[in-house]
$ cat query.cif   # mmCIF, C-alpha atoms
data_input
#
loop_
_atom_site.label_atom_id
_atom_site.label_comp_id
_atom_site.auth_asym_id
_atom_site.auth_seq_id
_atom_site.Cartn_x
_atom_site.Cartn_y
_atom_site.Cartn_z
CA MET A 842 0.00 0.00 0.00
CA ASN A 843 1.65 3.20 -1.06
CA SER A 844 1.43 6.52 0.71
CA THR A 845 -1.33 8.05 -1.43
CA VAL A 846 -3.65 5.15 -0.80
CA SER A 847 -3.15 5.28 2.94
CA PHE A 848 -3.61 9.04 2.80
CA PHE A 849 -6.91 8.47 1.00
CA TYR A 850 -8.12 6.13 3.73
CA PHE A 851 -6.94 8.50 6.44
CA LEU A 852 -8.80 11.41 4.81
CA SER A 853 -11.93 9.29 4.37
CA PHE A 854 -11.81 8.27 8.02
CA LEU A 855 -11.41 11.90 9.07
CA THR A 856 -14.30 12.96 6.81
CA ILE A 857 -16.67 10.34 8.18
CA LEU A 858 -15.60 11.02 11.76
CA SER A 859 -16.14 14.77 11.51
CA ALA A 860 -19.48 14.25 9.73
CA VAL A 861 -20.61 12.00 12.59
CA MET A 862 -19.43 14.59 15.10
CA VAL A 863 -21.47 17.29 13.30
CA VAL A 864 -24.59 15.23 13.92
CA VAL A 865 -23.90 14.02 17.47
CA SER A 866 -22.25 16.97 19.21
CA ARG A 867 -24.54 18.82 21.61
CA ASN A 868 -23.05 22.28 21.19
CA PRO A 869 -23.95 23.93 17.84
CA ILE A 870 -20.61 25.76 17.70
CA HIS A 871 -18.78 22.44 17.90
CA SER A 872 -21.00 21.18 15.08
CA VAL A 873 -19.97 24.09 12.88
CA LEU A 874 -16.28 23.56 13.65
CA TYR A 875 -16.53 19.87 12.81
CA LEU A 876 -18.35 20.77 9.60
CA ILE A 877 -15.46 23.08 8.67
CA LEU A 878 -13.07 20.17 9.29
CA ALA A 879 -15.24 17.98 7.07
CA PHE A 880 -15.07 20.57 4.29
CA PHE A 881 -11.28 20.77 4.56
CA THR A 882 -10.96 17.01 4.32
CA LEU A 883 -13.29 17.03 1.32
CA SER A 884 -11.00 19.61 -0.28
CA GLY A 885 -8.16 17.19 0.35
CA HIS A 886 -10.14 14.55 -1.52
CA TYR A 887 -10.62 16.95 -4.42
CA ILE A 888 -6.88 17.60 -4.56
CA LEU A 889 -6.22 13.84 -4.57
CA LEU A 890 -8.65 13.56 -7.47
CA ASN A 891 -6.70 16.28 -9.32
CA ALA A 892 -9.54 18.81 -9.16
CA GLN A 893 -7.46 21.71 -7.86
CA PHE A 894 -9.83 24.48 -8.90
CA LEU A 895 -12.80 22.96 -7.08
CA ALA A 896 -10.66 22.29 -4.01
CA ALA A 897 -9.82 26.00 -3.84
CA VAL A 898 -13.42 27.01 -4.52
CA ASN A 899 -14.62 24.57 -1.86
CA ILE A 900 -12.39 26.15 0.75
CA ILE A 901 -13.26 29.71 -0.29
CA VAL A 902 -17.02 29.26 -0.69
CA TYR A 903 -17.85 26.60 1.89
CA ALA A 904 -15.27 26.90 4.63
CA GLY A 905 -14.87 30.63 4.05
CA ALA A 906 -18.27 32.10 3.30
CA ILE A 907 -20.98 29.63 4.22
CA MET A 908 -19.46 28.47 7.49
CA VAL A 909 -18.78 32.05 8.58
CA LEU A 910 -22.47 32.72 7.95
CA PHE A 911 -23.42 29.71 10.10
CA LEU A 912 -21.06 30.74 12.90
CA PHE A 913 -22.34 34.31 12.70
CA VAL A 914 -25.96 33.22 13.01
CA ILE A 915 -25.21 30.82 15.88
CA MET A 916 -23.35 33.49 17.82
CA PHE A 917 -25.99 36.09 16.91
CA LEU A 918 -28.76 33.86 18.29
CA ASN A 919 -26.61 33.12 21.36
CA MET A 920 -27.07 29.35 21.22
CA LYS A 921 -24.13 28.52 23.47
CA GLN A 922 -26.00 26.33 25.86
CA ASP A 923 -27.88 23.45 24.41
CA ASN A 924 -31.46 23.58 25.59
CA GLU A 925 -32.67 21.28 22.91
CA GLU A 926 -34.87 18.65 24.50
CA ALA A 927 -33.74 15.35 23.12
CA LYS A 928 -35.97 13.40 20.84
CA THR A 929 -37.14 10.12 22.22
CA ASN A 930 -34.88 7.15 21.80
CA ILE A 931 -37.46 5.48 19.58
CA ALA A 932 -37.26 8.37 17.10
CA LYS A 933 -33.46 8.16 17.10
CA ILE A 934 -33.45 4.42 16.56
CA ALA A 935 -36.03 4.74 13.81
CA ALA A 936 -33.99 7.45 12.08
CA THR A 937 -30.85 5.31 12.29
CA ILE A 938 -32.71 2.35 10.85
CA VAL A 939 -33.98 4.50 7.97
CA GLY A 940 -30.47 5.78 7.26
CA GLY A 941 -28.98 2.31 7.49
CA THR A 942 -31.62 0.99 5.14
CA VAL A 943 -30.83 3.68 2.58
CA PHE A 944 -27.15 2.79 2.83
CA VAL A 945 -27.80 -0.94 2.44
CA ILE A 946 -30.08 -0.37 -0.57
CA LEU A 947 -27.54 1.87 -2.31
CA PHE A 948 -24.68 -0.48 -1.43
CA GLY A 949 -26.57 -3.40 -2.93
CA ALA A 950 -27.22 -1.36 -6.04
CA TYR A 951 -23.48 -0.61 -6.35
CA ARG A 952 -22.60 -4.26 -6.04
CA LYS A 953 -25.01 -5.16 -8.81
CA SER A 954 -23.97 -2.40 -11.19
CA ALA A 955 -20.86 -2.48 -13.32
CA ILE A 956 -18.97 0.74 -12.74
CA PRO A 957 -16.41 1.28 -15.48
CA ALA A 958 -12.86 1.90 -14.41
CA PHE A 959 -10.80 4.76 -15.84
CA ASN A 960 -9.59 4.48 -19.38
CA PRO A 961 -5.81 4.92 -19.64
CA GLU A 962 -5.87 5.70 -23.37
CA ASN A 963 -7.91 8.88 -23.35
CA PHE A 964 -7.24 9.89 -19.75
CA ASP A 965 -6.67 13.62 -19.33
CA SER A 966 -5.15 14.64 -16.02
CA GLN A 967 -5.68 18.34 -16.77
CA VAL A 968 -9.46 18.12 -16.53
CA GLY A 969 -9.73 19.76 -13.12
CA MET A 970 -7.51 22.70 -13.94
CA ILE A 971 -9.02 26.16 -14.04
CA GLU A 972 -8.14 26.66 -17.71
CA ASN A 973 -10.10 23.66 -18.93
CA LEU A 974 -13.03 24.34 -16.67
CA GLY A 975 -13.14 27.96 -17.77
CA HIS A 976 -13.30 26.95 -21.42
CA ILE A 977 -16.15 24.54 -20.73
CA LEU A 978 -17.96 26.93 -18.41
CA PHE A 979 -17.94 29.89 -20.79
CA ARG A 980 -18.59 27.94 -23.98
CA GLU A 981 -21.12 25.23 -23.22
CA TYR A 982 -22.53 26.40 -19.92
CA LEU A 983 -22.76 30.13 -20.50
CA LEU A 984 -26.54 30.35 -20.05
CA PRO A 985 -26.57 28.44 -16.72
CA PHE A 986 -23.71 30.66 -15.59
CA GLU A 987 -25.77 33.79 -16.26
CA LEU A 988 -28.82 32.22 -14.63
CA ALA A 989 -26.72 31.49 -11.52
CA SER A 990 -26.02 35.22 -11.23
CA ILE A 991 -29.78 35.92 -11.33
CA LEU A 992 -30.29 33.22 -8.69
CA LEU A 993 -27.71 34.84 -6.43
CA LEU A 994 -29.37 38.25 -6.92
CA VAL A 995 -32.78 36.79 -6.04
CA ALA A 996 -31.30 35.05 -2.97
CA MET A 997 -29.73 38.30 -1.82
CA VAL A 998 -32.99 40.22 -2.21
CA GLY A 999 -34.87 37.42 -0.45
CA ALA A 1000 -32.44 37.32 2.48
CA VAL A 1001 -32.69 41.09 2.92
CA MET A 1002 -36.50 40.95 2.73
CA LEU A 1003 -36.70 38.11 5.26
CA GLY A 1004 -34.23 39.69 7.62
CA LYS A 1005 -35.94 43.08 7.68
CA ARG A 1006 -37.90 44.00 10.77
CA GLU A 1007 -41.57 43.83 9.92
CA ILE A 1008 -44.31 46.09 11.23
CA GLY A 1009 -46.38 44.46 13.96
CA GLU A 1010 -46.19 43.58 17.61
CA ARG A 1011 -44.93 39.97 17.43
CA HIS A 1012 -41.32 40.97 17.18
CA PHE A 1013 -38.62 41.00 19.75
CA MET B 1155 -10.90 20.00 -24.64
CA ILE B 1156 -8.22 22.49 -25.70
CA PRO B 1157 -4.78 20.88 -25.68
CA ASN B 1158 -2.29 23.12 -24.00
CA PRO B 1159 1.30 22.86 -25.25
CA ASN B 1160 2.70 24.74 -22.24
CA ILE B 1161 1.61 22.20 -19.66
CA PRO B 1162 3.46 18.90 -19.92
CA GLU B 1163 1.35 15.79 -19.97
CA VAL B 1164 1.07 14.75 -16.34
CA SER B 1165 0.68 11.10 -15.61
CA ILE B 1166 -2.46 9.61 -14.12
CA PRO B 1167 -2.87 10.49 -10.43
CA SER B 1168 -2.02 7.58 -8.19
CA VAL B 1169 -5.35 7.72 -6.37
CA ILE B 1170 -7.16 7.07 -9.63
CA GLN B 1171 -4.78 4.24 -10.42
CA ASN B 1172 -4.95 2.55 -7.04
CA ILE B 1173 -8.38 3.23 -5.61
CA PRO B 1174 -11.46 1.77 -7.29
CA LEU B 1175 -14.32 4.13 -7.94
CA GLN B 1176 -16.53 2.03 -5.67
CA HIS B 1177 -14.68 3.35 -2.63
CA TYR B 1178 -15.65 6.89 -3.52
CA LEU B 1179 -19.22 5.71 -4.04
CA ILE B 1180 -19.27 4.14 -0.58
CA LEU B 1181 -17.63 7.18 1.03
CA SER B 1182 -20.14 9.62 -0.42
CA THR B 1183 -23.03 7.30 0.37
CA LEU B 1184 -21.87 7.19 3.98
CA LEU B 1185 -21.70 10.99 4.07
CA PHE B 1186 -25.19 11.21 2.57
CA VAL B 1187 -26.59 8.72 5.09
CA ILE B 1188 -25.03 10.61 7.99
CA GLY B 1189 -26.76 13.72 6.62
CA ILE B 1190 -30.10 11.88 6.47
CA ILE B 1191 -29.71 10.65 10.05
CA GLY B 1192 -28.84 14.17 11.16
CA VAL B 1193 -31.93 15.61 9.52
CA LEU B 1194 -34.12 12.96 11.12
CA THR B 1195 -32.68 12.98 14.65
CA ARG B 1196 -31.84 16.60 15.48
CA ARG B 1197 -34.40 19.23 16.42
CA ASN B 1198 -32.29 22.35 16.14
CA ALA B 1199 -33.04 23.95 12.76
CA ILE B 1200 -29.43 25.08 12.26
CA ILE B 1201 -28.04 21.57 12.81
CA ILE B 1202 -30.62 20.19 10.37
CA PHE B 1203 -29.41 22.77 7.90
CA MET B 1204 -25.80 21.69 8.40
CA SER B 1205 -26.81 18.08 7.77
CA VAL B 1206 -28.35 19.20 4.48
CA GLU B 1207 -24.99 20.80 3.63
CA LEU B 1208 -23.32 17.46 4.34
CA MET B 1209 -25.67 15.76 1.89
CA LEU B 1210 -24.92 18.39 -0.76
CA ASN B 1211 -21.21 17.80 -0.27
CA ALA B 1212 -21.65 14.06 -0.63
CA ALA B 1213 -23.19 14.70 -4.04
CA ASN B 1214 -20.32 17.06 -4.91
CA LEU B 1215 -17.71 14.46 -3.99
CA LEU B 1216 -19.43 11.84 -6.12
CA LEU B 1217 -19.67 14.18 -9.12
CA ILE B 1218 -15.99 15.11 -8.86
CA ALA B 1219 -14.93 11.49 -8.47
CA PHE B 1220 -16.86 10.40 -11.56
CA SER B 1221 -15.66 13.40 -13.54
CA SER B 1222 -12.03 12.72 -12.64
CA TYR B 1223 -12.20 9.00 -13.35
CA ARG B 1224 -13.95 9.52 -16.68
CA SER B 1225 -11.93 12.72 -17.40
CA ASP B 1226 -15.10 14.57 -18.32
CA PRO B 1227 -15.02 18.22 -17.19
CA SER B 1228 -18.81 18.69 -17.29
CA GLY B 1229 -19.18 17.05 -13.89
CA GLN B 1230 -16.87 19.58 -12.30
CA VAL B 1231 -18.72 22.48 -13.91
CA PHE B 1232 -21.87 21.00 -12.40
CA VAL B 1233 -20.25 21.03 -8.95
CA PHE B 1234 -19.49 24.70 -9.50
CA PHE B 1235 -23.19 25.38 -10.06
CA ILE B 1236 -24.15 23.27 -7.04
CA MET B 1237 -21.87 25.45 -4.94
CA ALA B 1238 -23.54 28.62 -6.25
CA VAL B 1239 -26.99 27.20 -5.50
CA ALA B 1240 -25.84 26.09 -2.03
CA ALA B 1241 -24.62 29.60 -1.27
CA ALA B 1242 -28.00 31.05 -2.27
CA GLU B 1243 -29.80 28.38 -0.27
CA VAL B 1244 -27.75 29.08 2.85
CA ALA B 1245 -28.37 32.82 2.63
CA VAL B 1246 -32.15 32.43 2.35
CA GLY B 1247 -32.35 29.54 4.83
CA LEU B 1248 -30.40 31.31 7.54
CA ALA B 1249 -32.56 34.40 7.03
CA ILE B 1250 -35.63 32.20 7.55
CA ILE B 1251 -34.07 30.70 10.70
CA VAL B 1252 -33.32 34.17 12.07
CA MET B 1253 -36.94 35.15 11.38
CA ILE B 1254 -38.20 32.01 13.16
CA TYR B 1255 -35.98 32.91 16.11
CA ARG B 1256 -37.37 36.44 16.21
CA ASN B 1257 -40.91 35.10 16.40
CA THR B 1258 -40.48 32.11 18.74
CA ARG B 1259 -37.21 32.88 20.61
CA ASN B 1260 -36.09 29.40 19.65
CA THR B 1261 -34.80 27.44 16.70
CA ASP B 1262 -36.39 24.17 17.78
CA ILE B 1263 -38.46 22.76 14.96
CA GLY B 1264 -40.91 21.38 17.54
CA PHE B 1265 -42.31 24.90 17.79
CA LEU B 1266 -43.26 24.84 14.12
CA ASN B 1267 -45.62 21.90 14.47
CA LYS B 1268 -48.37 23.73 12.57
CA LEU B 1269 -46.35 23.00 9.43
CA LYS B 1270 -47.09 19.30 9.96
CA TRP B 1271 -50.74 19.47 9.02
#

$ encode --input "query.cif" --output "C-alpha cells"
Amino acid sequence: MNSTVSFFYFLSFLTILSAVMVVVSRNPIHSVLYLILAFFTLSGHYILLNAQFLAAVNIIVYAGAIMVLFLFVIMFLNMKQDNEEAKTNIAKIAATIVGGTVFVILFGAYRKSAIPAFNPENFDSQVGMIENLGHILFREYLLPFELASILLLVAMVGAVMLGKREIGERHF
Amino acid sequence: MIPNPNIPEVSIPSVIQNIPLQHYLILSTLLFVIGIIGVLTRRNAIIIFMSVELMLNAANLLLIAFSSYRSDPSGQVFVFFIMAVAAAEVAVGLAIIVMIYRNTRNTDIGFLNKLKW
C-alpha cells in the first residue's frame, strides 16, 4: 500500500468522523467547527482527485463564506448552551434504521452495477484545472452561468426581505 | 478540450490508479446517510441545515470522483453550479431561521408543528 492510498483512507476516516461529530455533538458551535473540518478534508479529496480548482473554490465558498455565515448566526442567536430537549430514543433508533436501510439499498445497487474503471488511453489529467473548466464553463454552460447570477441576486434580495424588521407587535 | 502545449502531460494520479471508484461511491453514500440521520434525529433547525450541507457535499464528492475518473469536465462544472446554489440556499435559509428565532425565541423545529398538518 503506497502513501497516497493510505492518505486516502486517512482522509476518508477523518471525513466520516467529523461528519458523525457534526450530527452528534450537543453544542452547535462544535457542530460548525466539525463541519469546517469535514469541508477541509473534502477539499483534500478533491486535490487527490486532481480537481485543484474545485478544491480551492470549496475552501473559499464553503469553509470561508458559508461556514462564517453559520457561525455568525449561531453566535448572533446566542445558542451557546444546548437547551434542545432530546428526541425520544425510539425516534433516534427509527432514524438510524432509515439511514442504514438507505445505505444498504444503495450499497446493494453498487454491487449489482458495473462501474467502469478509468480508461488509460484517453485519460486527461488536466481536466480539473481552471483553464479547462473555464473553457467549458464559458462555452457550453454560458446560459446556466448567467442564470446562476440571477439566482444569487434573487437570494440576496430574499435574504434582505426576510431579515428586515416587519411592522407588527410579534417581534422581539 | 483544448490541448495546451505549455503544460506537460502529467501522468495519471495515483489515487485514480490505485483506488477503485466504488470506494468513492461508498464514502459519499456514507456521508449522505449521515446527513439523512442528522436531519431525522436533530431538532435544532441550524443543525438540520448543516446536515443538508453534508448531503450536498456528498453529491459534490461523487460528481468530482466520476468526472475525474472519466476525465469529463462537465461534472466539475456542475459542482461549481451546485456550490452557487448552495450559497444562495444558505443565505435564504439562515434568514428564515433568524426570522423564526425572532418570532419564537427558539430554533427548535418542535415549535413549528403547525407545518405538519

$ residues_around --input "query.cif" --residues "region 1200-1204 of chain B" --least-positions-apart "5" --cutoff "10 Å" --atoms "all atoms listed in the file" --output "PyMOL selection string"
(chain A and resi 860+863-870+872-873+876+908+911+914-915) or (chain B and resi 1189-1195+1209-1210+1243-1244+1247-1248+1251-1252+1261-1263)

$ residues_near_point --input "query.cif" --point "(-17.9, 23.3, -12.7)" --cutoff "12 Å" --atoms "all atoms listed in the file" --output "CSV table (one decimal) with C-alpha atoms, in the coordinates of the input"
chain,number,residue,atom,x,y,z
A,892,ALA,CA,-9.5,18.8,-9.2
A,893,GLN,CA,-7.5,21.7,-7.9
A,894,PHE,CA,-9.8,24.5,-8.9
A,895,LEU,CA,-12.8,23.0,-7.1
A,896,ALA,CA,-10.7,22.3,-4.0
A,898,VAL,CA,-13.4,27.0,-4.5
A,899,ASN,CA,-14.6,24.6,-1.9
A,968,VAL,CA,-9.5,18.1,-16.5
A,969,GLY,CA,-9.7,19.8,-13.1
A,970,MET,CA,-7.5,22.7,-13.9
A,971,ILE,CA,-9.0,26.2,-14.0
A,972,GLU,CA,-8.1,26.7,-17.7
A,973,ASN,CA,-10.1,23.7,-18.9
A,974,LEU,CA,-13.0,24.3,-16.7
A,975,GLY,CA,-13.1,28.0,-17.8
A,976,HIS,CA,-13.3,27.0,-21.4
A,977,ILE,CA,-16.2,24.5,-20.7
A,978,LEU,CA,-18.0,26.9,-18.4
A,979,PHE,CA,-17.9,29.9,-20.8
A,981,GLU,CA,-21.1,25.2,-23.2
A,982,TYR,CA,-22.5,26.4,-19.9
A,983,LEU,CA,-22.8,30.1,-20.5
A,985,PRO,CA,-26.6,28.4,-16.7
A,986,PHE,CA,-23.7,30.7,-15.6
B,1214,ASN,CA,-20.3,17.1,-4.9
B,1217,LEU,CA,-19.7,14.2,-9.1
B,1218,ILE,CA,-16.0,15.1,-8.9
B,1221,SER,CA,-15.7,13.4,-13.5
B,1226,ASP,CA,-15.1,14.6,-18.3
B,1227,PRO,CA,-15.0,18.2,-17.2
B,1228,SER,CA,-18.8,18.7,-17.3
B,1229,GLY,CA,-19.2,17.0,-13.9
B,1230,GLN,CA,-16.9,19.6,-12.3
B,1231,VAL,CA,-18.7,22.5,-13.9
B,1232,PHE,CA,-21.9,21.0,-12.4
B,1233,VAL,CA,-20.2,21.0,-9.0
B,1234,PHE,CA,-19.5,24.7,-9.5
B,1235,PHE,CA,-23.2,25.4,-10.1
B,1236,ILE,CA,-24.2,23.3,-7.0
B,1237,MET,CA,-21.9,25.4,-4.9
B,1238,ALA,CA,-23.5,28.6,-6.2

$ resolve_selection --input "query.cif" --expression "the PyMOL selection byres ((chain A and resi 999) around 12)" --output "number ranges by chain"
A: 992-998, 1000-1005; B: 1242-1250

$ write_last_selection --input "query.cif" --atoms "C-alpha atoms" --output "short mmCIF file (atom, residue, chain, number, x, y, z; two decimals), in the frame of the given file"
data_model
loop_
_atom_site.label_atom_id
_atom_site.label_comp_id
_atom_site.auth_asym_id
_atom_site.auth_seq_id
_atom_site.Cartn_x
_atom_site.Cartn_y
_atom_site.Cartn_z
CA LEU A 992 -30.29 33.22 -8.69
CA LEU A 993 -27.71 34.84 -6.43
CA LEU A 994 -29.37 38.25 -6.92
CA VAL A 995 -32.78 36.79 -6.04
CA ALA A 996 -31.30 35.05 -2.97
CA MET A 997 -29.73 38.30 -1.82
CA VAL A 998 -32.99 40.22 -2.21
CA ALA A 1000 -32.44 37.32 2.48
CA VAL A 1001 -32.69 41.09 2.92
CA MET A 1002 -36.50 40.95 2.73
CA LEU A 1003 -36.70 38.11 5.26
CA GLY A 1004 -34.23 39.69 7.62
CA LYS A 1005 -35.94 43.08 7.68
CA ALA B 1242 -28.00 31.05 -2.27
CA GLU B 1243 -29.80 28.38 -0.27
CA VAL B 1244 -27.75 29.08 2.85
CA ALA B 1245 -28.37 32.82 2.63
CA VAL B 1246 -32.15 32.43 2.35
CA GLY B 1247 -32.35 29.54 4.83
CA LEU B 1248 -30.40 31.31 7.54
CA ALA B 1249 -32.56 34.40 7.03
CA ILE B 1250 -35.63 32.20 7.55
#

$ closest_residue --input "query.cif" --among "A:Met916, A:Leu855, A:Leu878, A:Ile907" --to "chain B" --atoms "only C-alpha atoms"
A:Ile907

$ closest_residue --input "query.cif" --among "B:Ala1213, B:Ala1219, B:Val1239, B:Leu1208" --to "His1177 (chain B)" --atoms "only C-alpha atoms"
B:Ala1219

$ atom_distance --input "query.cif" --atom1 "CA of Phe1220 (chain B)" --atom2 "CA of Ala906 (chain A)"
26.3 Å

$ atom_distance --input "query.cif" --atom1 "CA of Ile956 (chain A)" --atom2 "CA of Val1187 (chain B)"
21.0 Å

$ axis_aligned_box --input "query.cif" --around "region 1219-1224 of chain B" --padding-each-side "4 Å" --output "JSON"
{"center_x": -14.4, "center_y": 11.2, "center_z": -12.6, "size_x": 12.8, "size_y": 12.4, "size_z": 16.2}

$ atom_distance --input "query.cif" --atom1 "CA of Phe1186 (chain B)" --atom2 "CA of Ala1241 (chain B)"
18.8 Å

$ closest_residue --input "query.cif" --among "B:Ser1182, B:Ile1166, B:Val1206, B:Gly1264" --to "chain A" --atoms "only C-alpha atoms"
B:Ile1166

$ closest_residue --input "query.cif" --among "A:Leu858, A:Val846, A:Ile991, A:Ala879" --to "Ala1212 (chain B)" --atoms "only C-alpha atoms"
A:Ala879

$ resolve_selection --input "query.cif" --expression "the PyMOL selection byres ((chain A and resi 848) around 12)" --output "MDAnalysis selection string"
(chainID A and resid 842:847 849:855 882 885:886 888:889) or (chainID B and resid 1168:1169 1172:1173)
